[in-house]
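Shown here: data-v9.txt, compact mmCIF, C-alpha atoms.
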```txt
# COMPACT_ATOMS: atom_id res chain seq x y z
CA MET P 1 271.40 209.02 162.36
CA PHE P 2 269.00 208.89 165.31
CA LYS P 3 266.81 205.89 165.89
CA PRO P 4 263.09 206.76 165.93
CA HIS P 5 262.67 206.18 169.66
CA LEU P 6 265.59 208.50 170.41
CA MET P 7 264.06 211.21 168.27
CA THR P 8 260.79 210.81 170.16
CA GLU P 9 262.56 211.07 173.53
CA ILE P 10 264.29 214.27 172.46
CA GLN P 11 261.04 215.76 171.19
CA GLU P 12 259.43 214.96 174.54
CA ILE P 13 262.20 216.78 176.39
CA PHE P 14 261.34 219.94 174.46
CA THR P 15 257.65 219.71 175.39
CA GLN P 16 258.27 220.31 179.10
CA THR P 17 259.02 223.98 179.70
CA LYS P 18 256.99 224.75 182.84
CA TYR P 19 259.94 226.05 184.87
CA ARG P 20 262.04 227.48 182.07
CA THR P 21 262.00 231.27 182.32
CA PHE P 22 263.83 232.14 179.10
CA ASP P 23 263.69 231.07 175.46
CA PHE P 24 265.61 228.24 173.86
CA PRO P 25 268.68 229.32 171.88
CA LYS P 26 267.95 229.79 168.20
CA ARG P 27 270.86 227.52 167.23
CA LYS P 28 270.76 223.71 167.48
CA TRP P 29 271.67 221.81 170.61
CA GLN P 30 275.07 220.14 170.43
CA TYR P 31 275.34 217.50 173.17
CA TYR P 32 273.21 214.80 174.77
CA GLN P 33 273.92 213.43 178.24
CA GLU P 34 272.21 211.74 181.18
CA TRP P 35 272.69 212.75 184.81
CA ASN P 36 271.63 209.62 186.68
CA LYS P 37 271.21 208.55 190.31
CA ALA P 38 271.87 212.05 191.56
CA ILE P 39 272.54 212.94 195.19
CA PHE P 40 271.98 216.60 196.09
CA LEU P 41 273.37 218.09 199.31
CA HIS P 42 272.52 221.77 199.88
CA TRP P 43 273.91 224.31 202.36
CA LYS P 44 273.09 227.90 203.19
CA VAL P 45 276.28 229.92 202.76
CA PRO P 46 277.21 233.54 203.55
CA VAL P 47 277.06 235.70 200.45
CA ALA P 48 280.45 237.26 201.21
CA ILE P 49 282.21 233.89 200.95
CA LEU P 50 280.67 233.12 197.57
CA ALA P 51 281.40 236.56 196.13
CA GLU P 52 285.11 235.79 196.29
CA LEU P 53 284.66 232.66 194.16
CA LEU P 54 282.67 234.11 191.26
CA PRO P 55 283.97 235.67 188.04
CA LYS P 56 283.04 239.23 187.22
CA GLY P 57 279.73 239.76 185.45
CA ILE P 58 277.49 237.34 187.34
CA HIS P 59 275.76 237.87 190.64
CA ILE P 60 274.77 235.58 193.47
CA ASP P 61 271.15 234.47 193.30
CA THR P 62 269.37 234.10 196.63
CA PHE P 63 266.22 232.47 197.94
CA GLU P 64 264.46 234.46 200.63
CA GLY P 65 267.72 236.29 201.26
CA HIS P 66 269.85 233.15 201.55
CA ALA P 67 272.64 232.03 199.20
CA TYR P 68 273.17 228.31 198.67
CA VAL P 69 275.92 225.93 197.64
CA SER P 70 275.17 222.38 196.52
CA LEU P 71 277.30 219.31 196.14
CA VAL P 72 275.83 217.11 193.44
CA ALA P 73 277.16 213.56 193.11
CA PHE P 74 275.81 211.52 190.21
CA THR P 75 276.68 209.23 187.33
CA MET P 76 277.10 210.75 183.89
CA GLU P 77 276.01 208.39 181.12
CA LYS P 78 275.68 208.40 177.33
CA MET P 79 277.35 211.77 176.94
CA ARG P 80 277.91 212.41 173.23
CA PRO P 81 277.94 215.07 170.50
CA ARG P 82 274.68 215.47 168.61
CA TYR P 83 275.50 213.37 165.56
CA LEU P 84 277.77 210.76 167.14
CA PRO P 85 277.13 207.70 169.29
CA SER P 86 278.23 207.54 172.92
CA LEU P 87 281.21 205.41 173.91
CA ALA P 88 280.89 204.02 177.43
CA CYS P 89 284.65 204.11 178.02
CA VAL P 90 284.57 207.93 177.97
CA SER P 91 280.85 208.81 178.01
CA ASP P 92 280.01 207.06 181.28
CA PHE P 93 281.66 208.19 184.52
CA HIS P 94 280.89 209.35 188.04
CA GLU P 95 280.91 213.09 188.63
CA ILE P 96 280.85 215.43 191.61
CA ASN P 97 280.26 219.12 191.19
CA VAL P 98 280.11 221.86 193.77
CA ARG P 99 277.87 224.60 192.47
CA THR P 100 276.25 227.80 193.55
CA TYR P 101 273.29 229.75 192.19
CA VAL P 102 273.80 232.86 190.13
CA VAL P 103 272.02 235.25 187.81
CA LYS P 104 272.99 237.53 184.94
CA ASP P 105 270.58 239.88 183.15
CA ASN P 106 267.61 238.18 184.87
CA LYS P 107 268.74 234.76 183.56
CA PRO P 108 269.22 232.41 186.53
CA GLY P 109 271.71 229.58 186.33
CA VAL P 110 274.46 227.79 188.18
CA TYR P 111 278.18 228.32 188.51
CA PHE P 112 280.50 225.37 189.09
CA ILE P 113 283.03 226.07 191.83
CA ASN P 114 284.59 222.64 191.36
CA ILE P 115 284.04 219.59 189.12
CA GLU P 116 285.50 216.11 189.49
CA ALA P 117 285.21 213.05 187.25
CA SER P 118 286.12 209.44 187.91
CA LYS P 119 287.95 208.87 184.59
CA LYS P 120 291.05 210.76 183.56
CA LEU P 121 290.28 210.69 179.83
CA SER P 122 286.67 211.77 180.41
CA ALA P 123 287.83 214.69 182.55
CA TYR P 124 290.37 215.72 179.92
CA LEU P 125 287.89 215.60 177.03
CA ALA P 126 285.10 217.33 178.96
CA LYS P 127 287.46 220.13 179.96
CA SER P 128 288.87 220.42 176.44
CA PHE P 129 285.49 220.68 174.72
CA SER P 130 283.66 222.82 177.30
CA GLY P 131 286.32 224.76 179.17
CA LEU P 132 284.71 223.72 182.46
CA PRO P 133 287.28 222.94 185.17
CA TYR P 134 287.01 219.14 185.18
CA GLU P 135 289.70 217.19 187.00
CA LYS P 136 290.30 213.54 187.81
CA SER P 137 289.32 212.23 191.22
CA ARG P 138 289.04 208.73 192.64
CA ILE P 139 285.28 208.08 192.77
CA SER P 140 283.29 204.91 193.24
CA ARG P 141 279.70 204.04 194.05
CA SER P 142 277.40 201.14 194.83
CA ALA P 143 273.62 200.89 195.12
CA SER P 144 273.73 202.65 198.51
CA THR P 145 277.15 204.34 198.79
CA TYR P 146 279.11 207.06 197.03
CA THR P 147 282.76 207.76 197.88
CA SER P 148 285.51 209.96 196.51
CA ALA P 149 288.99 211.17 197.36
CA ASN P 150 290.98 213.95 195.75
CA LYS P 151 294.47 213.93 197.26
CA LYS P 152 295.57 216.95 195.24
CA LYS P 153 293.00 219.19 196.92
CA ASP P 154 292.47 217.11 200.05
CA PHE P 155 288.77 216.62 199.27
CA HIS P 156 286.94 213.66 200.73
CA LEU P 157 283.39 212.37 200.47
CA SER P 158 281.81 209.19 201.84
CA ILE P 159 278.05 208.72 201.80
CA ALA P 160 275.82 205.80 202.72
CA TYR P 161 272.19 206.49 201.90
CA LYS P 162 268.74 205.21 201.15
CA LYS P 163 266.31 206.59 198.59
CA GLY P 164 263.13 207.81 200.24
CA GLU P 165 259.64 208.51 198.95
CA VAL P 166 259.02 210.66 195.90
CA VAL P 167 258.41 214.29 196.81
CA VAL P 168 255.00 214.92 195.26
CA ASP P 169 254.50 218.48 196.48
CA LYS P 170 257.82 220.21 195.95
CA THR P 171 258.50 223.40 197.84
CA ALA P 172 259.48 226.61 196.10
CA LEU P 173 263.01 226.01 197.40
CA ASP P 174 263.09 222.47 195.94
CA LEU P 175 262.30 223.91 192.53
CA TRP P 176 264.66 226.87 192.90
CA LEU P 177 267.58 224.54 193.62
CA THR P 178 266.91 221.98 190.90
CA GLU P 179 265.19 223.63 187.93
CA ARG P 180 268.09 225.57 186.44
CA TYR P 181 268.53 225.73 182.69
CA CYS P 182 271.90 227.33 182.11
CA LEU P 183 275.36 227.44 183.59
CA TYR P 184 278.03 230.10 183.53
CA LEU P 185 281.77 229.89 183.02
CA GLY P 186 284.44 232.52 183.58
CA GLU P 187 287.56 232.07 181.47
CA GLN P 188 290.42 234.53 180.87
CA ASN P 189 288.33 237.51 182.00
CA LYS P 190 285.50 236.48 179.68
CA LEU P 191 282.09 235.16 180.67
CA TYR P 192 280.26 232.37 178.85
CA CYS P 193 276.84 230.76 179.16
CA PHE P 194 275.81 227.19 178.35
CA ASP P 195 272.09 226.63 177.84
CA ILE P 196 270.67 223.23 178.78
CA HIS P 197 267.23 221.67 178.85
CA HIS P 198 265.63 218.60 180.42
CA LYS P 199 262.36 217.41 181.83
CA GLU P 200 261.49 218.37 185.39
CA TRP P 201 263.60 216.55 187.97
CA VAL P 202 261.82 213.71 189.77
CA VAL P 203 262.88 214.26 193.38
CA ASN P 204 262.96 211.75 196.22
CA GLN P 205 263.72 212.18 199.87
CA LEU P 206 267.31 211.26 200.73
CA LEU P 207 267.95 209.34 203.94
CA LEU P 208 271.57 209.56 205.07
CA GLU P 209 273.08 206.68 207.02
CA ARG P 210 276.64 208.04 206.86
CA LEU P 211 278.15 211.32 205.74
CA GLU P 212 281.87 212.07 205.91
CA LEU P 213 282.71 215.22 204.04
CA ALA P 214 285.63 217.59 203.68
CA TYR P 215 285.63 220.22 200.93
CA SER P 216 287.53 223.46 201.40
CA ILE P 217 287.52 225.95 198.51
CA GLY P 218 288.73 229.43 199.35
CA GLY P 219 286.66 230.54 202.32
CA LEU P 220 284.03 227.91 201.62
CA GLN P 221 284.04 224.97 204.04
CA LEU P 222 281.69 222.02 203.44
CA ALA P 223 282.07 219.71 206.40
CA LYS P 224 278.76 219.60 208.26
CA GLU P 225 275.39 218.01 207.63
CA PRO P 226 273.54 219.81 204.84
CA ASP P 227 270.50 222.00 205.37
CA LEU P 228 268.53 220.16 202.70
CA MET P 229 268.99 216.96 200.68
CA HIS P 230 267.47 215.35 197.59
CA TYR P 231 267.85 212.21 195.52
CA SER P 232 266.78 211.83 191.89
CA PRO P 233 266.83 208.92 189.45
CA GLY P 234 268.07 211.47 186.93
CA VAL P 235 267.32 213.48 183.82
CA LYS P 236 268.14 213.33 180.11
CA VAL P 237 269.81 216.56 179.10
CA LEU P 238 270.28 218.50 175.88
CA ALA P 239 273.10 221.03 175.95
CA TRP P 240 274.08 223.87 173.66
CA GLY P 241 277.62 225.07 173.06
CA ARG P 242 278.89 227.95 175.09
CA GLU P 243 278.09 231.51 174.11
CA ARG P 244 279.88 234.62 175.29
CA VAL P 245 277.68 236.93 177.35
```
Do you think you could lay out the structure here as structure tokens?
Amino acid sequence: MFKPHLMTEIQEIFTQTKYRTFDFPKRKWQYYQEWNKAIFLHWKVPVAILAELLPKGIHIDTFEGHAYVSLVAFTMEKMRPRYLPSLACVSDFHEINVRTYVVKDNKPGVYFINIEASKKLSAYLAKSFSGLPYEKSRISRSASTYTSANKKKDFHLSIAYKKGEVVVDKTALDLWLTERYCLYLGEQNKLYCFDIHHKEWVVNQLLLERLELAYSIGGLQLAKEPDLMHYSPGVKVLAWGRERV
């Protein structure tokens, strides 16, 4: 059973719906997780390159005519099913996802082009339960660095950074890139949607001291300094099970 303070936190998450543009699912949420100390790197990308990476049924979402890809490096913590406690040995791990921004039937969301986790068992369980393409990668972080290496795919990331001031007046693009409340998955010619919900992201400026990056996925090449960057202390997330769309 939930402790009273946890119940209160979850109720508070549901009270913030300012940027949510569609209703909550009628069924109960199934998973709780925290996405903490998140680093966001964003690039403008040609639409034609992204179109080759998406499953049928979803379309690229654009902001002022531009498509975007983001690399999000963070620490997953306290991930657990609704009625079970979290176990740090599998619930807590570092994660990197490369995502783009999509829409289906006027419902905007994200699509994960690639997902990596720092623990083999965590990657296996997350993939088994969700179907999302998690895989093990060697990832480590400190208070001011985040590094990873995936020899199988020849991916490499090394960041040294400082957290800047809180962004009080977010731009429309800041919100467009961060306030997304569902994600899509293509699997065996079928399309699924996962609804999520959380409070609004607190966003800080991100000051890069070092960036070494090499991600090549199809025609997508992430190797230069991003067009926009963010840092966030994180959000507490409620997630629903996948639903075919």
| task | Using atom CA of Glu179 of chain P and atom CA of Tyr19 of chain P as the two end points, give the distance in Å to one decimal. | result |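 A separation of 6.5 Å between them.
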| said: as a ChimeraX atom specification, please: the residues near Val166 of chain P (cut-off 10 Å, all atoms listed in the file, same-chain neighbours under 4 positions excluded). | reply: /P:170,202-206,230-232
Close residues, segment 240-245 of chain P itself excluded, 8 Å, all atoms listed in the file, min 2 positions apart in chain, as a PDB file with C-alpha atoms, in the coordinates of the input:
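Done, and the output landed in result_11.pdb:
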```
ATOM      1  CA  PRO P  25     268.680 229.320 171.880  1.00  0.00           C
ATOM      2  CA  LYS P  28     270.760 223.710 167.480  1.00  0.00           C
ATOM      3  CA  TRP P  29     271.670 221.810 170.610  1.00  0.00           C
ATOM      4  CA  GLN P  30     275.070 220.140 170.430  1.00  0.00           C
ATOM      5  CA  TYR P  31     275.340 217.500 173.170  1.00  0.00           C
ATOM      6  CA  SER P 130     283.660 222.820 177.300  1.00  0.00           C
ATOM      7  CA  LYS P 190     285.500 236.480 179.680  1.00  0.00           C
ATOM      8  CA  LEU P 191     282.090 235.160 180.670  1.00  0.00           C
ATOM      9  CA  TYR P 192     280.260 232.370 178.850  1.00  0.00           C
ATOM     10  CA  CYS P 193     276.840 230.760 179.160  1.00  0.00           C
ATOM     11  CA  PHE P 194     275.810 227.190 178.350  1.00  0.00           C
ATOM     12  CA  ASP P 195     272.090 226.630 177.840  1.00  0.00           C
ATOM     13  CA  ILE P 196     270.670 223.230 178.780  1.00  0.00           C
ATOM     14  CA  LEU P 238     270.280 218.500 175.880  1.00  0.00           C
TER      15      LEU P 238
END
```
Contact table segment 8-67 of chain P vs segment 207-228 of chain P, cut-off 7 Å, shortest pair per residue, only C-alpha atoms, as CSV:
```
residue,atom,partner,partner_atom,distance
P:Leu41,CA,P:Pro226,CA,5.8
P:His42,CA,P:Leu228,CA,5.1
P:Trp43,CA,P:Asp227,CA,5.1
P:Lys44,CA,P:Asp227,CA,6.8
P:Ile49,CA,P:Gly219,CA,5.7
```
How would the residues just chosen look if you wrote them out with C-alpha atoms as a PDB file, in the coordinates of the input?
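That gives us out.pdb:
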```
ATOM      1  CA  LEU P  41     273.370 218.090 199.310  1.00  0.00           C
ATOM      2  CA  HIS P  42     272.520 221.770 199.880  1.00  0.00           C
ATOM      3  CA  TRP P  43     273.910 224.310 202.360  1.00  0.00           C
ATOM      4  CA  LYS P  44     273.090 227.900 203.190  1.00  0.00           C
ATOM      5  CA  ILE P  49     282.210 233.890 200.950  1.00  0.00           C
TER       6      ILE P  49
END
```
Kindly assemble as CSV a list of the segment 115-203 of chain P residues that lie within 12 Å of segment 56-80 of chain P, each paired with its nearest atom pair and their distance in Å to one decimal, using only C-alpha atoms, sorted first by chain and then by ascending residue number.
```
residue,atom,partner,partner_atom,distance
P:Ile115,CA,P:Val72,CA,9.6
P:Glu116,CA,P:Ala73,CA,9.4
P:Ala117,CA,P:Met76,CA,9.1
P:Ser118,CA,P:Thr75,CA,9.5
P:Lys119,CA,P:Met76,CA,11.0
P:Ser122,CA,P:Met79,CA,9.9
P:Ala123,CA,P:Met76,CA,11.5
P:Leu125,CA,P:Arg80,CA,11.1
P:Ala126,CA,P:Met79,CA,9.7
P:Phe129,CA,P:Arg80,CA,11.3
P:Ile139,CA,P:Ala73,CA,9.8
P:Ser140,CA,P:Thr75,CA,9.9
P:Arg141,CA,P:Thr75,CA,9.0
P:Ser142,CA,P:Thr75,CA,11.1
P:Ala143,CA,P:Thr75,CA,11.8
P:Thr145,CA,P:Ala73,CA,10.8
P:Tyr146,CA,P:Ala73,CA,7.8
P:Thr147,CA,P:Ala73,CA,9.4
P:Ser148,CA,P:Ala73,CA,9.7
P:Leu157,CA,P:Ala73,CA,9.7
P:Ser158,CA,P:Ala73,CA,10.8
P:Ile159,CA,P:Ala73,CA,10.0
P:Thr171,CA,P:Phe63,CA,11.9
P:Ala172,CA,P:Phe63,CA,9.1
P:Leu173,CA,P:Phe63,CA,7.2
P:Asp174,CA,P:Phe63,CA,10.7
P:Leu175,CA,P:Phe63,CA,10.9
P:Trp176,CA,P:Phe63,CA,7.7
P:Leu177,CA,P:Ser70,CA,8.4
P:Thr178,CA,P:Ser70,CA,10.0
P:Arg180,CA,P:Asp61,CA,11.6
P:Leu183,CA,P:Ile58,CA,10.8
P:Tyr184,CA,P:Ile58,CA,8.2
P:Leu185,CA,P:Ile58,CA,9.6
P:Gly186,CA,P:Lys56,CA,7.8
P:Glu187,CA,P:Lys56,CA,10.2
P:Gln188,CA,P:Lys56,CA,10.8
P:Asn189,CA,P:Lys56,CA,7.6
P:Lys190,CA,P:Lys56,CA,8.4
P:Leu191,CA,P:Gly57,CA,7.0
P:Tyr192,CA,P:Gly57,CA,9.9
P:Cys193,CA,P:Ile58,CA,10.5
```
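Here atom CA of Pro233 of chain P is placed at a distance of 12.3 Å from atom CA of Lys199 of chain P.
Between atom CA of Val45 of chain P and atom CA of Lys104 of chain P the interatomic distance comes to 19.7 Å.
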| Among listed residues P:Ser128, P:Asn114, P:Thr15, P:Ser86, nearest Thr100 of chain P (using all atoms listed in the file) |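 Of all the options, P:Asn114 lies closest to Thr100 of chain P.
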| Hey, which of P:Thr21, P:Asn150, P:Asn97, P:Ser91 ends up closest to Lys136 of chain P? Count all atoms listed in the file. | P:Asn150
| query | Using all atoms listed in the file, which of the listed residues (P:Ile113, P:Ala48, P:Met229, P:Val235) sits closest to Glu200 of chain P? | reply |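 Going through P:Ile113, P:Ala48, P:Met229, P:Val235 one by one, the smallest distance to Glu200 of chain P is for P:Val235.
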